[in-house]
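Heads up, work.pdb below (PDB, C-alpha atoms and all ligand atoms):
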```
ATOM      1  CA  MET E   1      83.636  42.451  90.354  1.00  0.00           C
ATOM      2  CA  VAL E   2      80.839  42.126  92.864  1.00  0.00           C
ATOM      3  CA  LEU E   3      77.592  40.827  91.483  1.00  0.00           C
ATOM      4  CA  SER E   4      74.487  42.336  92.965  1.00  0.00           C
ATOM      5  CA  GLN E   5      71.331  40.294  93.349  1.00  0.00           C
ATOM      6  CA  GLU E   6      69.908  42.143  90.319  1.00  0.00           C
ATOM      7  CA  ALA E   7      72.949  41.507  88.170  1.00  0.00           C
ATOM      8  CA  ARG E   8      72.814  37.845  89.053  1.00  0.00           C
ATOM      9  CA  GLN E   9      69.154  37.757  88.115  1.00  0.00           C
ATOM     10  CA  ASP E  10      70.003  39.358  84.763  1.00  0.00           C
ATOM     11  CA  ASP E  11      72.750  36.819  84.339  1.00  0.00           C
ATOM     12  CA  ARG E  12      70.257  34.020  84.710  1.00  0.00           C
ATOM     13  CA  SER E  13      67.478  35.530  82.643  1.00  0.00           C
ATOM     14  CA  SER E  14      69.899  36.328  79.816  1.00  0.00           C
ATOM     15  CA  GLY E  15      70.456  32.609  79.535  1.00  0.00           C
ATOM     16  CA  ARG E  16      74.085  32.710  80.570  1.00  0.00           C
ATOM     17  CA  THR E  17      73.474  30.114  83.237  1.00  0.00           C
ATOM     18  CA  ARG E  18      74.861  27.103  81.419  1.00  0.00           C
ATOM     19  CA  ALA E  19      73.297  24.367  83.471  1.00  0.00           C
ATOM     20  CA  PRO E  20      70.033  23.088  82.143  1.00  0.00           C
ATOM     21  CA  ARG E  21      67.526  23.427  84.966  1.00  0.00           C
ATOM     22  CA  GLY E  22      65.088  21.104  83.282  1.00  0.00           C
ATOM     23  CA  GLY E  23      63.859  23.337  80.477  1.00  0.00           C
ATOM     24  CA  ARG E  24      66.599  22.826  77.923  1.00  0.00           C
ATOM     25  CA  LEU E  25      66.524  19.042  78.257  1.00  0.00           C
ATOM     26  CA  ALA E  26      62.747  18.695  78.418  1.00  0.00           C
ATOM     27  CA  SER E  27      62.443  18.949  74.622  1.00  0.00           C
ATOM     28  CA  LYS E  28      65.015  16.204  74.038  1.00  0.00           C
ATOM     29  CA  SER E  29      64.194  12.513  74.030  1.00  0.00           C
ATOM     30  CA  GLY E  30      67.440  11.630  75.821  1.00  0.00           C
ATOM     31  CA  CYS E  31      70.831  12.909  76.859  1.00  0.00           C
ATOM     32  CA  GLU E  32      74.214  11.850  78.183  1.00  0.00           C
ATOM     33  CA  PHE E  33      73.108  12.486  81.736  1.00  0.00           C
ATOM     34  CA  ILE E  34      76.437  13.072  83.463  1.00  0.00           C
ATOM     35  CA  SER E  35      78.009  15.513  80.988  1.00  0.00           C
ATOM     36  CA  GLU E  36      74.759  17.218  79.949  1.00  0.00           C
ATOM     37  CA  PHE E  37      73.195  17.591  83.374  1.00  0.00           C
ATOM     38  CA  ALA E  38      74.869  16.125  86.450  1.00  0.00           C
ATOM     39  CA  GLU E  39      78.193  17.914  85.959  1.00  0.00           C
ATOM     40  CA  LEU E  40      76.532  21.223  85.105  1.00  0.00           C
ATOM     41  CA  PHE E  41      73.644  21.509  87.525  1.00  0.00           C
ATOM     42  CA  PRO E  42      75.662  21.580  90.788  1.00  0.00           C
ATOM     43  CA  ILE E  43      78.005  24.212  89.357  1.00  0.00           C
ATOM     44  CA  SER E  44      75.099  26.452  88.455  1.00  0.00           C
ATOM     45  CA  VAL E  45      73.508  26.114  91.906  1.00  0.00           C
ATOM     46  CA  PHE E  46      76.897  26.571  93.584  1.00  0.00           C
ATOM     47  CA  LEU E  47      77.638  29.772  91.632  1.00  0.00           C
ATOM     48  CA  ASP E  48      74.284  31.183  92.757  1.00  0.00           C
ATOM     49  CA  LEU E  49      74.882  30.121  96.364  1.00  0.00           C
ATOM     50  CA  MET E  50      78.328  31.704  96.416  1.00  0.00           C
ATOM     51  CA  ALA E  51      77.489  34.617  94.059  1.00  0.00           C
ATOM     52  CA  TRP E  52      80.402  33.733  91.816  1.00  0.00           C
ATOM     53  CA  PRO E  53      80.083  34.921  88.204  1.00  0.00           C
ATOM     54  CA  HIS E  54      78.344  32.609  85.764  1.00  0.00           C
ATOM     55  CA  GLU E  55      80.580  33.980  83.008  1.00  0.00           C
ATOM     56  CA  MET E  56      83.298  31.863  84.628  1.00  0.00           C
ATOM     57  CA  PHE E  57      81.214  28.695  84.412  1.00  0.00           C
ATOM     58  CA  ASP E  58      83.546  26.828  82.046  1.00  0.00           C
ATOM     59  CA  ARG E  59      86.644  27.777  84.051  1.00  0.00           C
ATOM     60  CA  PHE E  60      85.045  26.601  87.310  1.00  0.00           C
ATOM     61  CA  ARG E  61      84.020  23.363  85.606  1.00  0.00           C
ATOM     62  CA  GLU E  62      87.571  22.763  84.401  1.00  0.00           C
ATOM     63  CA  TRP E  63      89.134  23.713  87.731  1.00  0.00           C
ATOM     64  CA  ASN E  64      86.801  21.455  89.642  1.00  0.00           C
ATOM     65  CA  PHE E  65      87.342  18.520  87.305  1.00  0.00           C
ATOM     66  CA  THR E  66      91.117  18.862  87.433  1.00  0.00           C
ATOM     67  CA  LEU E  67      91.161  19.345  91.186  1.00  0.00           C
ATOM     68  CA  ILE E  68      89.200  16.154  91.819  1.00  0.00           C
ATOM     69  CA  HIS E  69      90.077  13.920  88.853  1.00  0.00           C
ATOM     70  CA  GLY E  70      93.236  15.436  87.349  1.00  0.00           C
ATOM     71  CA  GLU E  71      95.996  12.873  86.899  1.00  0.00           C
ATOM     72  CA  ASP E  72      98.873  15.148  85.948  1.00  0.00           C
ATOM     73  CA  PRO E  73     100.295  16.653  89.160  1.00  0.00           C
ATOM     74  CA  GLU E  74     101.792  19.612  87.293  1.00  0.00           C
ATOM     75  CA  VAL E  75      98.455  20.522  85.707  1.00  0.00           C
ATOM     76  CA  ARG E  76      96.702  20.108  89.053  1.00  0.00           C
ATOM     77  CA  ALA E  77      99.269  22.313  90.805  1.00  0.00           C
ATOM     78  CA  ARG E  78      99.010  24.964  88.081  1.00  0.00           C
ATOM     79  CA  GLN E  79      95.230  25.011  88.207  1.00  0.00           C
ATOM     80  CA  LEU E  80      95.230  25.108  92.002  1.00  0.00           C
ATOM     81  CA  ARG E  81      97.433  28.207  91.753  1.00  0.00           C
ATOM     82  CA  GLU E  82      94.942  29.695  89.287  1.00  0.00           C
ATOM     83  CA  ILE E  83      91.963  28.973  91.564  1.00  0.00           C
ATOM     84  CA  THR E  84      93.840  30.364  94.533  1.00  0.00           C
ATOM     85  CA  ARG E  85      94.755  33.552  92.672  1.00  0.00           C
ATOM     86  CA  TYR E  86      91.177  33.964  91.479  1.00  0.00           C
ATOM     87  CA  LEU E  87      89.648  33.378  94.910  1.00  0.00           C
ATOM     88  CA  ARG E  88      92.091  35.755  96.606  1.00  0.00           C
ATOM     89  CA  GLY E  89      90.869  38.434  94.183  1.00  0.00           C
ATOM     90  CA  LEU E  90      87.281  37.590  95.024  1.00  0.00           C
ATOM     91  CA  ILE E  91      87.982  37.772  98.760  1.00  0.00           C
ATOM     92  CA  ALA E  92      89.526  41.221  98.342  1.00  0.00           C
ATOM     93  CA  GLU E  93      86.485  42.395  96.345  1.00  0.00           C
ATOM     94  CA  ARG E  94      83.953  41.105  98.836  1.00  0.00           C
ATOM     95  CA  ARG E  95      85.596  42.462 102.016  1.00  0.00           C
ATOM     96  CA  GLY E  96      83.164  44.895 103.560  1.00  0.00           C
ATOM     97  CA  VAL E  97      80.486  44.209 100.929  1.00  0.00           C
ATOM     98  CA  VAL E  98      77.724  42.535 102.890  1.00  0.00           C
ATOM     99  CA  THR E  99      75.220  40.644 100.763  1.00  0.00           C
ATOM    100  CA  ASP E 100      73.165  37.515 101.355  1.00  0.00           C
ATOM    101  CA  ASP E 101      75.439  35.021  99.598  1.00  0.00           C
ATOM    102  CA  LEU E 102      77.755  32.520 101.271  1.00  0.00           C
ATOM    103  CA  THR E 103      80.961  34.158 100.041  1.00  0.00           C
ATOM    104  CA  SER E 104      79.952  37.427 101.670  1.00  0.00           C
ATOM    105  CA  VAL E 105      79.024  35.631 104.889  1.00  0.00           C
ATOM    106  CA  ILE E 106      82.437  33.930 105.048  1.00  0.00           C
ATOM    107  CA  VAL E 107      84.521  36.917 103.997  1.00  0.00           C
ATOM    108  CA  ASN E 108      82.768  39.277 106.398  1.00  0.00           C
ATOM    109  CA  ALA E 109      82.429  36.853 109.313  1.00  0.00           C
ATOM    110  CA  GLN E 110      83.950  37.513 112.697  1.00  0.00           C
ATOM    111  CA  VAL E 111      85.157  34.963 115.214  1.00  0.00           C
ATOM    112  CA  ASP E 112      85.531  36.246 118.768  1.00  0.00           C
ATOM    113  CA  GLY E 113      85.229  39.769 117.402  1.00  0.00           C
ATOM    114  CA  TRP E 114      88.020  39.335 114.839  1.00  0.00           C
ATOM    115  CA  PRO E 115      87.607  39.062 111.063  1.00  0.00           C
ATOM    116  CA  LEU E 116      88.790  35.894 109.360  1.00  0.00           C
ATOM    117  CA  THR E 117      92.166  36.213 107.645  1.00  0.00           C
ATOM    118  CA  ASP E 118      92.449  35.941 103.855  1.00  0.00           C
ATOM    119  CA  ASP E 119      94.016  32.484 104.249  1.00  0.00           C
ATOM    120  CA  GLU E 120      91.137  31.304 106.459  1.00  0.00           C
ATOM    121  CA  CYS E 121      88.577  32.584 103.936  1.00  0.00           C
ATOM    122  CA  LEU E 122      90.511  30.980 101.086  1.00  0.00           C
ATOM    123  CA  GLY E 123      90.594  27.637 102.893  1.00  0.00           C
ATOM    124  CA  MET E 124      86.830  27.703 103.415  1.00  0.00           C
ATOM    125  CA  LEU E 125      86.070  28.691  99.829  1.00  0.00           C
ATOM    126  CA  ILE E 126      88.323  25.945  98.442  1.00  0.00           C
ATOM    127  CA  LEU E 127      86.809  23.404 100.837  1.00  0.00           C
ATOM    128  CA  LEU E 128      83.302  24.299  99.659  1.00  0.00           C
ATOM    129  CA  PHE E 129      84.355  24.366  96.001  1.00  0.00           C
ATOM    130  CA  GLY E 130      86.068  20.989  96.250  1.00  0.00           C
ATOM    131  CA  GLY E 131      83.393  19.381  98.419  1.00  0.00           C
ATOM    132  CA  GLY E 132      80.191  20.695  96.909  1.00  0.00           C
ATOM    133  CA  LEU E 133      80.334  19.783  93.232  1.00  0.00           C
ATOM    134  CA  ASP E 134      81.635  16.308  92.402  1.00  0.00           C
ATOM    135  CA  THR E 135      79.699  14.829  95.318  1.00  0.00           C
ATOM    136  CA  VAL E 136      76.428  16.098  93.898  1.00  0.00           C
ATOM    137  CA  THR E 137      77.340  14.949  90.361  1.00  0.00           C
ATOM    138  CA  ALA E 138      78.029  11.438  91.651  1.00  0.00           C
ATOM    139  CA  VAL E 139      74.844  11.266  93.706  1.00  0.00           C
ATOM    140  CA  LEU E 140      72.726  12.572  90.808  1.00  0.00           C
ATOM    141  CA  GLY E 141      74.267   9.875  88.602  1.00  0.00           C
ATOM    142  CA  LEU E 142      73.328   7.153  91.090  1.00  0.00           C
ATOM    143  CA  HIS E 143      69.814   8.482  91.588  1.00  0.00           C
ATOM    144  CA  PHE E 144      69.024   8.878  87.907  1.00  0.00           C
ATOM    145  CA  ALA E 145      70.522   5.489  87.036  1.00  0.00           C
ATOM    146  CA  HIS E 146      68.107   4.047  89.573  1.00  0.00           C
ATOM    147  CA  LEU E 147      65.214   5.986  88.028  1.00  0.00           C
ATOM    148  CA  ALA E 148      66.222   4.809  84.538  1.00  0.00           C
ATOM    149  CA  ARG E 149      66.151   1.215  85.742  1.00  0.00           C
ATOM    150  CA  HIS E 150      62.807   1.700  87.466  1.00  0.00           C
ATOM    151  CA  PRO E 151      60.376   3.387  85.046  1.00  0.00           C
ATOM    152  CA  GLU E 152      57.536   2.536  87.412  1.00  0.00           C
ATOM    153  CA  LEU E 153      59.137   4.849  89.993  1.00  0.00           C
ATOM    154  CA  GLN E 154      59.361   7.596  87.365  1.00  0.00           C
ATOM    155  CA  ASP E 155      55.648   7.155  86.615  1.00  0.00           C
ATOM    156  CA  HIS E 156      54.808   7.236  90.293  1.00  0.00           C
ATOM    157  CA  LEU E 157      56.756  10.457  90.885  1.00  0.00           C
ATOM    158  CA  ARG E 158      55.195  12.149  87.851  1.00  0.00           C
ATOM    159  CA  LYS E 159      51.773  11.338  89.248  1.00  0.00           C
ATOM    160  CA  HIS E 160      52.728  12.090  92.856  1.00  0.00           C
ATOM    161  CA  PRO E 161      55.263  14.921  92.921  1.00  0.00           C
ATOM    162  CA  GLU E 162      54.535  15.278  96.637  1.00  0.00           C
ATOM    163  CA  ASP E 163      56.572  12.059  97.094  1.00  0.00           C
ATOM    164  CA  ILE E 164      59.724  13.428  95.416  1.00  0.00           C
ATOM    165  CA  SER E 165      61.248  14.835  98.577  1.00  0.00           C
ATOM    166  CA  ALA E 166      60.819  11.609 100.569  1.00  0.00           C
ATOM    167  CA  THR E 167      62.128   9.619  97.585  1.00  0.00           C
ATOM    168  CA  ILE E 168      65.293  11.711  97.466  1.00  0.00           C
ATOM    169  CA  ASP E 169      65.808  11.070 101.198  1.00  0.00           C
ATOM    170  CA  GLU E 170      65.309   7.375 100.650  1.00  0.00           C
ATOM    171  CA  LEU E 171      67.654   7.253  97.632  1.00  0.00           C
ATOM    172  CA  LEU E 172      70.319   9.094  99.625  1.00  0.00           C
ATOM    173  CA  ARG E 173      69.882   6.525 102.385  1.00  0.00           C
ATOM    174  CA  PHE E 174      70.136   3.339 100.367  1.00  0.00           C
ATOM    175  CA  LEU E 175      72.052   4.161  97.176  1.00  0.00           C
ATOM    176  CA  ARG E 176      75.674   4.089  98.115  1.00  0.00           C
ATOM    177  CA  THR E 177      78.666   3.236  95.946  1.00  0.00           C
ATOM    178  CA  GLY E 178      77.679  -0.420  95.577  1.00  0.00           C
ATOM    179  CA  TYR E 179      74.842   0.147  93.142  1.00  0.00           C
ATOM    180  CA  GLU E 180      75.898  -2.824  91.003  1.00  0.00           C
ATOM    181  CA  HIS E 181      74.701  -5.192  93.741  1.00  0.00           C
ATOM    182  CA  PRO E 182      71.322  -6.599  92.767  1.00  0.00           C
ATOM    183  CA  PRO E 183      68.537  -6.204  95.328  1.00  0.00           C
ATOM    184  CA  GLY E 184      69.071  -8.515  98.262  1.00  0.00           C
ATOM    185  CA  HIS E 185      72.741  -9.112  97.427  1.00  0.00           C
ATOM    186  CA  GLY E 186      74.538  -6.130  98.708  1.00  0.00           C
ATOM    187  CA  ARG E 187      74.233  -2.952 100.599  1.00  0.00           C
ATOM    188  CA  HIS E 188      70.512  -2.412 100.227  1.00  0.00           C
TER     189      HIS E 188
HETATM  190  C1  LIG C 201      75.013  14.678  97.803  1.00  0.00           C
HETATM  191  C2  LIG C 201      76.046  15.470  97.903  1.00  0.00           C
HETATM  192  C3  LIG C 201      77.072  15.378  98.991  1.00  0.00           C
HETATM  193  C4  LIG C 201      77.606  14.290  99.584  1.00  0.00           C
HETATM  194  C5  LIG C 201      77.311  12.817  99.286  1.00  0.00           C
HETATM  195  C6  LIG C 201      78.541  14.772 100.571  1.00  0.00           C
HETATM  196  C7  LIG C 201      79.292  13.973 101.384  1.00  0.00           C
HETATM  197  C8  LIG C 201      80.102  14.423 102.394  1.00  0.00           C
HETATM  198  C9  LIG C 201      80.786  13.588 103.343  1.00  0.00           C
HETATM  199  C10 LIG C 201      80.701  12.072 103.386  1.00  0.00           C
HETATM  200  C11 LIG C 201      81.494  14.396 104.139  1.00  0.00           C
HETATM  201  C12 LIG C 201      82.389  13.983 105.296  1.00  0.00           C
HETATM  202  C13 LIG C 201      81.593  14.033 106.585  1.00  0.00           C
HETATM  203  C14 LIG C 201      82.443  13.616 107.766  1.00  0.00           C
HETATM  204  O1  LIG C 201      83.664  13.888 107.771  1.00  0.00           O
HETATM  205  O2  LIG C 201      81.885  13.053 108.671  1.00  0.00           O
HETATM  206  C15 LIG C 201      81.270  15.746 103.718  1.00  0.00           C
HETATM  207  C16 LIG C 201      81.818  16.859 104.301  1.00  0.00           C
HETATM  208  C17 LIG C 201      81.709  18.134 103.809  1.00  0.00           C
HETATM  209  N1  LIG C 201      80.888  18.541 102.801  1.00  0.00           N
HETATM  210 FE1  LIG C 201      79.683  17.353 101.723  1.00  0.00          FE
HETATM  211  N2  LIG C 201      78.549  16.137 100.554  1.00  0.00           N
HETATM  212  C18 LIG C 201      77.682  16.555  99.612  1.00  0.00           C
HETATM  213  C19 LIG C 201      77.382  17.852  99.249  1.00  0.00           C
HETATM  214  C20 LIG C 201      78.060  18.960  99.726  1.00  0.00           C
HETATM  215  C21 LIG C 201      77.834  20.317  99.273  1.00  0.00           C
HETATM  216  C22 LIG C 201      76.800  20.726  98.220  1.00  0.00           C
HETATM  217  C23 LIG C 201      78.689  21.115  99.956  1.00  0.00           C
HETATM  218  C24 LIG C 201      78.906  22.600  99.906  1.00  0.00           C
HETATM  219  C25 LIG C 201      78.352  23.426  99.049  1.00  0.00           C
HETATM  220  C26 LIG C 201      79.461  20.258 100.838  1.00  0.00           C
HETATM  221  C27 LIG C 201      80.437  20.675 101.682  1.00  0.00           C
HETATM  222  C28 LIG C 201      81.057  19.882 102.601  1.00  0.00           C
HETATM  223  C29 LIG C 201      82.035  20.370 103.561  1.00  0.00           C
HETATM  224  C30 LIG C 201      82.498  21.816 103.689  1.00  0.00           C
HETATM  225  C31 LIG C 201      82.432  19.264 104.327  1.00  0.00           C
HETATM  226  C32 LIG C 201      83.467  19.270 105.426  1.00  0.00           C
HETATM  227  C33 LIG C 201      82.785  19.467 106.766  1.00  0.00           C
HETATM  228  C34 LIG C 201      83.821  19.473 107.884  1.00  0.00           C
HETATM  229  O3  LIG C 201      85.007  19.599 107.617  1.00  0.00           O
HETATM  230  O4  LIG C 201      83.410  19.314 109.007  1.00  0.00           O
HETATM  231  N3  LIG C 201      79.034  18.967 100.666  1.00  0.00           N
HETATM  232  N4  LIG C 201      80.411  15.736 102.677  1.00  0.00           N
END
```
Output the file's structure as structure tokens, nothing else.
Amino acid sequence: MVLSQEARQDDRSSGRTRAPRGGRLASKSGCEFISEFAELFPISVFLDLMAWPHEMFDRFREWNFTLIHGEDPEVRARQLREITRYLRGLIAERRGVVTDDLTSVIVNAQVDGWPLTDDECLGMLILLFGGGLDTVTAVLGLHFAHLARHPELQDHLRKHPEDISATIDELLRFLRTGYEHPPGHGRH
């Protein structure tokens, strides 16, 4: 199945995009941030970027979780075979179908005048799938933990949304894995 731009738009407007992009959470007074937002949001953006079907959202979520965090090697191996089989199907579908999404760019790319092989495409898709989701979940968790601990920063950003972009850059720069260090006693 190849999703056209229009079909993808329908997909989103029909509410099948699972990740809350702000709206669904705005009416709530609180949430479990990681499972209700940070795990979902990057998948939703990634599916749009790659033009992979949102109907598969839950499968992609499970595959990604198992690939990165799975502890049972047999389950990981089985799910890796499932992902591989699925992506090979996708590669076959997208060959020769040139659209503006990243999957199409990869599958229809040429290097020195030659198309990429199925294995090369598969390697790139798995690299992006494995590298582009859990990283963002972890960084969102760090950033929003910082915001939760600094309500004055939240207030500032609500009043000055023009500072959000620079704040994200700054949070990316100084919030690394040692968040537990108090200011002045660690990696700040
Ligand atoms: C805040 C989120 C992210 C963080 C913290 C992060 C972090 C990193 C780091 C530390 C590396 C290794 C760089 C190196 O070897 O020097 C890397 C590589 C990579 N990342 Fe990310 N990443 C993030 C988001 C993403 C996303 C969204 C994608 C794709 C959709 C992605 C795709 C990749 C790929 C493909 C590589 C390998 C590049 C190569 O082999 O040269 N990353 N990332």
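Closest to ligand LIG 201 (chain C) among E:Glu71, E:Asp118, E:Asp48, E:Asp163 is E:Asp48, based on all atoms listed in the file.
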Edge lengths and centre in Å, axis-aligned, ligand LIG 201 (chain C) plus 4 Å each side, as lines of an AutoDock Vina configuration file:
```
center_x = 80.0
center_y = 17.7
center_z = 103.4
size_x = 18.0
size_y = 19.4
size_z = 19.2
```
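Interatomic distance, atom CA of E:Leu127 to atom CA of E:Phe65: 14.4 Å.
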Just the residues within 10 Å of stretch 35-45 of chain E, please, counting only C-alpha atoms, with nothing from its chain fewer than 2 positions along; format it as a PyMOL selection string.
-> chain E and resi 12+17-22+25+31-33+47-54+57-58+60-61+64-65+129+132-141+144
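Residue nearest E:Leu90 within the list E:Arg149, E:Val111, E:Leu122, E:Thr117: E:Leu122 [criterion: smallest interatomic distance, only C-alpha atoms].
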Point-to-point distance in Å for atom CA of E:Cys121 and atom CA of E:Ala109 = 9.2 Å
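Of the listed residues (E:Gln79, E:Leu102, E:Pro115, E:Ile168), E:Ile168 comes nearest to E:Leu142; the distances count all atoms listed in the file.
Atom C26 of ligand LIG 201 (chain C) to atom CA of E:Ser104 spans 17.2 Å [interatomic distance, one decimal].
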